[in-house]
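Enquirer: Pasting run.cif here (mmCIF, C-alpha atoms):
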data_query
loop_
_atom_site.label_atom_id
_atom_site.label_comp_id
_atom_site.auth_asym_id
_atom_site.auth_seq_id
_atom_site.Cartn_x
_atom_site.Cartn_y
_atom_site.Cartn_z
CA ARG A 173 -34.10 15.42 5.27
CA LYS A 174 -34.26 14.53 8.97
CA GLU A 175 -37.27 12.50 10.07
CA VAL A 176 -38.14 15.02 12.79
CA GLU A 177 -36.85 18.59 12.65
CA GLN A 178 -36.93 21.32 15.25
CA ASP A 179 -35.44 24.81 15.44
CA PRO A 180 -32.73 24.41 18.14
CA GLY A 181 -33.20 27.99 19.39
CA PRO A 182 -32.56 29.30 21.96
CA PHE A 183 -35.81 31.17 22.24
CA ASN A 184 -35.29 33.92 24.83
CA VAL A 185 -38.61 35.32 26.02
CA PRO A 186 -39.67 37.52 28.96
CA GLU A 187 -41.86 36.18 31.74
CA GLY A 188 -45.52 36.31 30.79
CA ALA A 189 -44.88 36.06 27.06
CA THR A 190 -46.48 33.58 24.69
CA VAL A 191 -44.07 31.42 22.71
CA ALA A 192 -44.62 28.79 20.03
CA PHE A 193 -42.36 26.07 18.65
CA ASN A 194 -42.86 24.09 15.49
CA CYS A 195 -41.74 20.57 14.68
CA THR A 196 -41.89 19.03 11.21
CA TYR A 197 -41.96 15.31 10.50
CA SER A 198 -41.33 13.40 7.29
CA ASN A 199 -43.29 10.17 7.79
CA SER A 200 -46.84 10.87 6.69
CA ALA A 201 -47.95 7.57 8.26
CA SER A 202 -47.14 8.75 11.80
CA GLN A 203 -50.34 8.71 13.83
CA SER A 204 -49.36 9.89 17.28
CA PHE A 205 -47.00 12.57 18.51
CA PHE A 206 -45.56 13.64 21.81
CA TRP A 207 -43.90 16.65 23.40
CA TYR A 208 -41.34 16.07 26.13
CA ARG A 209 -39.61 18.58 28.34
CA GLN A 210 -35.98 17.99 29.28
CA ASP A 211 -34.11 19.96 31.91
CA CYS A 212 -30.31 20.18 31.73
CA ARG A 213 -28.69 16.77 32.34
CA LYS A 214 -32.02 15.21 33.32
CA GLU A 215 -34.33 12.71 31.63
CA PRO A 216 -37.13 13.76 29.24
CA LYS A 217 -40.50 14.13 30.96
CA LEU A 218 -43.74 13.68 29.04
CA LEU A 219 -45.49 17.02 28.62
CA MET A 220 -48.27 16.25 26.18
CA SER A 221 -49.57 13.56 23.83
CA VAL A 222 -51.19 14.48 20.50
CA TYR A 223 -53.37 11.86 18.81
CA SER A 224 -55.79 13.95 16.77
CA SER A 225 -55.89 17.61 15.83
CA GLY A 226 -54.57 18.91 19.10
CA ASN A 227 -54.50 18.90 22.86
CA GLU A 228 -54.61 21.51 25.60
CA ASP A 229 -53.39 21.32 29.19
CA GLY A 230 -53.46 24.55 31.16
CA ARG A 231 -51.01 27.01 29.63
CA PHE A 232 -49.83 24.47 27.05
CA THR A 233 -51.51 23.79 23.70
CA ALA A 234 -50.33 21.36 21.03
CA GLN A 235 -51.67 21.50 17.48
CA LEU A 236 -51.27 18.93 14.72
CA ASN A 237 -51.36 19.83 11.04
CA ARG A 238 -51.31 16.59 9.05
CA ALA A 239 -51.52 18.28 5.67
CA SER A 240 -48.31 20.22 6.26
CA GLN A 241 -46.81 17.53 8.53
CA TYR A 242 -46.00 19.62 11.54
CA ILE A 243 -46.96 19.86 15.18
CA SER A 244 -46.67 22.97 17.28
CA LEU A 245 -46.42 23.69 20.99
CA LEU A 246 -47.77 26.96 22.36
CA ILE A 247 -46.89 28.12 25.86
CA ARG A 248 -48.90 31.00 27.27
CA ASP A 249 -47.94 33.21 30.22
CA SER A 250 -44.38 31.83 30.32
CA LYS A 251 -42.85 31.17 33.74
CA LEU A 252 -39.17 31.10 34.68
CA SER A 253 -39.67 27.40 35.44
CA ASP A 254 -40.61 26.75 31.80
CA SER A 255 -36.94 27.21 30.84
CA ALA A 256 -35.92 23.84 29.40
CA THR A 257 -35.42 21.98 26.13
CA TYR A 258 -38.62 20.85 24.43
CA LEU A 259 -38.37 17.62 22.44
CA CYS A 260 -40.81 16.65 19.72
CA VAL A 261 -41.41 12.95 19.06
CA ALA A 262 -42.99 11.32 16.01
CA PRO A 263 -43.09 7.55 16.39
CA THR A 264 -42.57 5.63 13.16
CA SER A 265 -45.84 3.93 12.37
CA GLY A 266 -45.67 0.15 12.50
CA THR A 267 -42.15 -0.11 13.93
CA TYR A 268 -42.62 1.30 17.47
CA LYS A 269 -39.57 3.53 17.06
CA TYR A 270 -39.77 6.87 18.82
CA ILE A 271 -38.03 9.41 16.58
CA PHE A 272 -36.94 12.47 18.53
CA GLY A 273 -36.10 15.88 17.21
CA THR A 274 -32.94 17.57 18.48
CA GLY A 275 -35.02 19.78 20.76
CA THR A 276 -35.75 23.50 21.08
CA ARG A 277 -34.18 25.42 23.95
CA LEU A 278 -36.37 27.93 25.75
CA LYS A 279 -35.08 30.52 28.20
CA VAL A 280 -37.65 32.56 30.07
CA LEU A 281 -36.09 35.77 31.37
CA ALA A 282 -37.13 37.72 34.47
CA GLU B 36 -41.54 10.40 39.40
CA THR B 37 -42.08 7.81 36.66
CA GLY B 38 -41.13 4.74 38.70
CA VAL B 39 -38.48 3.81 36.11
CA THR B 40 -35.08 3.29 37.69
CA GLN B 41 -31.64 2.89 36.15
CA SER B 42 -28.26 1.88 37.49
CA PRO B 43 -25.57 2.97 37.77
CA THR B 44 -26.07 6.74 37.52
CA HIS B 45 -22.54 7.39 36.30
CA LEU B 46 -19.86 5.17 34.84
CA ILE B 47 -16.32 5.71 33.54
CA LYS B 48 -14.78 3.10 31.25
CA THR B 49 -11.82 2.91 28.89
CA ARG B 50 -11.84 2.08 25.19
CA GLY B 51 -12.27 -1.60 24.46
CA GLN B 52 -13.99 -2.43 27.72
CA GLN B 53 -17.51 -3.79 28.08
CA VAL B 54 -20.37 -2.25 30.08
CA THR B 55 -23.79 -3.38 31.34
CA LEU B 56 -26.50 -0.89 32.18
CA ARG B 57 -29.68 -1.82 34.02
CA CYS B 58 -33.26 -0.62 33.96
CA SER B 59 -36.34 -1.45 36.02
CA SER B 60 -39.59 -0.61 34.30
CA GLN B 61 -42.65 1.02 35.84
CA SER B 62 -45.02 -1.43 37.51
CA GLY B 63 -47.39 -2.96 34.96
CA HIS B 64 -45.26 -1.99 31.95
CA ASN B 65 -44.06 -4.85 29.71
CA THR B 66 -42.12 -2.84 27.14
CA VAL B 67 -38.70 -1.23 27.56
CA SER B 68 -36.90 0.94 25.03
CA TRP B 69 -33.29 2.09 25.18
CA TYR B 70 -31.93 5.37 23.85
CA GLN B 71 -28.53 7.03 23.49
CA GLN B 72 -28.39 10.80 23.91
CA ALA B 73 -25.23 12.64 22.95
CA LEU B 74 -24.68 16.19 24.17
CA GLY B 75 -26.88 18.68 22.35
CA GLN B 76 -28.84 15.98 20.50
CA GLY B 77 -32.19 14.31 20.92
CA PRO B 78 -32.32 10.71 22.17
CA GLN B 79 -31.51 8.11 19.48
CA PHE B 80 -33.46 4.83 19.54
CA ILE B 81 -31.24 1.79 20.16
CA PHE B 82 -33.80 -1.02 20.53
CA GLN B 83 -37.02 -2.05 22.23
CA TYR B 84 -37.92 -5.17 24.19
CA TYR B 85 -41.44 -6.50 24.53
CA ARG B 86 -42.11 -9.54 26.71
CA GLU B 87 -38.45 -10.60 26.62
CA GLU B 88 -38.11 -10.37 22.81
CA GLU B 89 -36.34 -7.65 20.80
CA ASN B 90 -39.14 -5.77 19.09
CA GLY B 91 -37.26 -3.29 16.93
CA ARG B 92 -33.76 -1.88 16.50
CA GLY B 93 -32.27 1.44 15.46
CA ASN B 94 -29.05 2.07 13.55
CA PHE B 95 -26.65 0.73 16.15
CA PRO B 96 -23.97 -1.96 15.57
CA PRO B 97 -24.30 -5.49 16.98
CA ARG B 98 -21.93 -4.67 19.85
CA PHE B 99 -24.98 -3.00 21.38
CA SER B 100 -27.12 -5.83 22.74
CA GLY B 101 -29.83 -6.21 25.30
CA LEU B 102 -31.97 -8.49 27.40
CA GLN B 103 -35.34 -8.32 29.06
CA PHE B 104 -36.16 -10.49 32.04
CA PRO B 105 -39.47 -12.12 33.08
CA ASN B 106 -40.11 -9.24 35.51
CA TYR B 107 -39.68 -6.88 32.49
CA SER B 108 -36.50 -5.28 33.79
CA SER B 109 -33.84 -4.91 31.14
CA GLU B 110 -30.12 -4.67 30.47
CA LEU B 111 -28.15 -2.88 27.79
CA ASN B 112 -24.72 -4.33 27.03
CA VAL B 113 -22.09 -2.54 25.00
CA ASN B 114 -18.92 -4.38 23.96
CA ALA B 115 -15.64 -2.98 22.66
CA LEU B 116 -16.40 0.54 23.90
CA GLU B 117 -15.43 3.45 21.66
CA LEU B 118 -14.91 7.09 22.59
CA ASP B 119 -18.10 8.03 20.70
CA ASP B 120 -20.13 5.79 23.01
CA SER B 121 -19.81 8.49 25.67
CA ALA B 122 -23.39 9.65 26.19
CA LEU B 123 -26.45 9.59 28.43
CA TYR B 124 -28.19 6.22 28.12
CA LEU B 125 -31.91 6.36 28.80
CA CYS B 126 -34.41 3.61 29.20
CA ALA B 127 -38.13 4.15 28.89
CA SER B 128 -40.98 1.86 29.79
CA SER B 129 -44.47 1.76 28.33
CA LEU B 130 -47.67 -0.11 28.99
CA ALA B 131 -47.34 -2.00 25.69
CA ARG B 132 -45.54 -1.82 22.40
CA GLY B 133 -47.00 0.37 19.69
CA SER B 134 -46.53 3.97 18.70
CA TYR B 135 -49.62 5.15 20.59
CA ASN B 136 -48.17 4.19 23.93
CA GLU B 137 -46.60 6.90 26.01
CA GLN B 138 -43.06 6.17 27.14
CA PHE B 139 -41.77 7.13 30.58
CA PHE B 140 -38.08 7.65 31.07
CA GLY B 141 -35.70 6.72 33.83
CA PRO B 142 -33.04 9.17 35.08
CA GLY B 143 -30.38 7.75 32.76
CA THR B 144 -26.85 6.44 33.08
CA ARG B 145 -24.09 8.83 32.08
CA LEU B 146 -21.28 6.84 30.45
CA THR B 147 -17.85 8.33 29.86
CA VAL B 148 -15.38 6.40 27.72
CA LEU B 149 -11.73 7.48 28.05
#
Will you turn the file into structure tokens for me?

Expert:
Amino acid sequence: RKEVEQDPGPFNVPEGATVAFNCTYSNSASQSFFWYRQDCRKEPKLLMSVYSSGNEDGRFTAQLNRASQYISLLIRDSKLSDSATYLCVAPTSGTYKYIFGTGTRLKVLA
Amino acid sequence: ETGVTQSPTHLIKTRGQQVTLRCSSQSGHNTVSWYQQALGQGPQFIFQYYREEENGRGNFPPRFSGLQFPNYSSELNVNALELDDSALYLCASSLARGSYNEQFFGPGTRLTVL
């Protein structure tokens, strides 16, 4: 089993839609999690950090479910500019390694 | 912008050659991590440097080596290049080591090995 798993997509959604991605992780000791956004051929940019049950920033909400070992990212009122790959990160506790998922591609359609 | 810079932006090498990639961390950050990202994959952790010492290493062979300097900038060296080393190489800086610290990425160096 991969340490961090994501559905690669693509998720094709119309403008204004709400879309959610899930990310599962295998290391139950992981304490902090991150969502990054990556545009084509660019570097990952930090979108959101998740240290407890969840976090919200404008149209973006991240939820953490420790019992089932997954984190989710919810995007409300999708914009064309939200089209990107969303990378989930679960650092390995105690070793400082950032473990990335393969990413989920989102395409927001006009 | 994150304030993390990398050079060069693109590089073409042939099999067997050696390459050095450079990274300047964000001001105030003492930790630099290096990642390899192949097409269609997430970044893979190569190693991390904290205050000039290697602080952790991923599943990469010894021909991948690095350095961190007193100003916290860093280098990634790859010897005996192989075709599979073609990838985007990313460095990320953070305020300190530790899994709670957010990492901020530079624009990457795209390496092509022919």

Enquirer: Work out how far atom CA of Ser202 of chain A is from atom CA of Val39 of chain B, in Å to one decimal.

Expert: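 Separation of atom CA of Val39 of chain B and atom CA of Ser202 of chain A: 26.3 Å.
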
Enquirer: Could you tell me which of A:Lys269, A:Arg238, A:Arg173, A:Arg277 comes closest to chain B if we count only C-alpha atoms?

Expert: A:Lys269

Enquirer: Rank nothing, just name the residue among A:Ala256, A:Ala234, A:Leu218, A:Ile247 nearest to chain B, using only C-alpha atoms.

Expert: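 Closest residue, counting only C-alpha atoms: A:Leu218.
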
Enquirer: Check every residue of chain A for an atom within 12 Å of chain B, counting only C-alpha atoms, and provide those that qualify as a VMD selection string.

Expert: chain A and resid 175 to 178 180 to 181 201 to 224 257 to 277

Enquirer: Name all residues at most 8 Å from Ala189 of chain A (count only C-alpha atoms; drop same-chain ones fewer than 5 positions away) and give them as a PyMOL selection string.

Expert: chain A and resi 248-250

Enquirer: Excluding Leu245 of chain A and any residue of its chain fewer than 6 positions from it, enumerate the residues within 8 Å of it, using only C-alpha atoms, and give them as number ranges by chain.

Expert: A: 192-194, 207, 232-235

Enquirer: Between atom CA of Gln53 of chain B and atom CA of Asn114 of chain B, what distance in Å does the model show, to one decimal?

Expert: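 Separation of atom CA of Gln53 of chain B and atom CA of Asn114 of chain B: 4.4 Å.
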
Enquirer: Could you check how far atom CA of Ser128 of chain B sits from atom CA of Asn65 of chain B, in Å to one decimal?

Expert: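 Atom CA of Asn65 of chain B lies 7.4 Å from atom CA of Ser128 of chain B.
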
Enquirer: Give me the residues within 8 Å of segment 57-59 of chain B as a list in words, counting all atoms listed in the file and dropping any in the same chain fewer than 5 places off.

Expert: Val39, Thr40, Gln41, Ser42, Pro43, Tyr107, Ser108, Ser109, Glu110, Leu111, Cys126 and Gly141 of chain B

Enquirer: Contacts of Asp254 of chain A at 8 Å or less, counting all atoms listed in the file, minus same-chain residues fewer than 3 places along, as JSON, numbers by chain?

Expert: {"A": [250, 251, 278, 279, 280]}

Enquirer: Taking the file above as input, evaluate the PyMOL selection byres ((chain A and resi 198) around 7) and report the hits as a PyMOL selection string.

Expert: chain A and resi 175-176+196-197+199-200+241

Enquirer: Extract, using all atoms listed in the file, all DNA, RNA and protein residues at most 10 Å from Asn106 of chain B, discarding same-chain residues fewer than 6 positions from it, and format them as a ChimeraX atom specification.

Expert: /B:59-60,62-65,86-87

Enquirer: Return the single residue from B:Leu102, B:Val54, B:Val113, B:Leu118 that is closest to Val67 of chain B, with distances computed using all atoms listed in the file.

Expert: B:Leu102

Enquirer: For Pro96 of chain B, which residue out of B:Asn112, B:Ser129, B:Tyr84, B:Gly38 is the nearest one, using all atoms listed in the file?

Expert: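 That would be B:Asn112, the residue with the smallest distance to Pro96 of chain B.
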
Enquirer: Carefully work through the PyMOL selection byres ((chain B and resi 49) around 8) for this structure and note down the residues it includes, as a PyMOL selection string.

Expert: chain B and resi 47-48+50-52+116+148-149

Enquirer: Name every residue that the PyMOL selection byres ((chain A and resi 185) around 6) selects in this structure, writing the answer as a list in words with chains first and numbers rising.

Expert: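 On this input, the PyMOL selection byres ((chain A and resi 185) around 6) captures Asn184, Pro186, Val280 and Leu281 of chain A.
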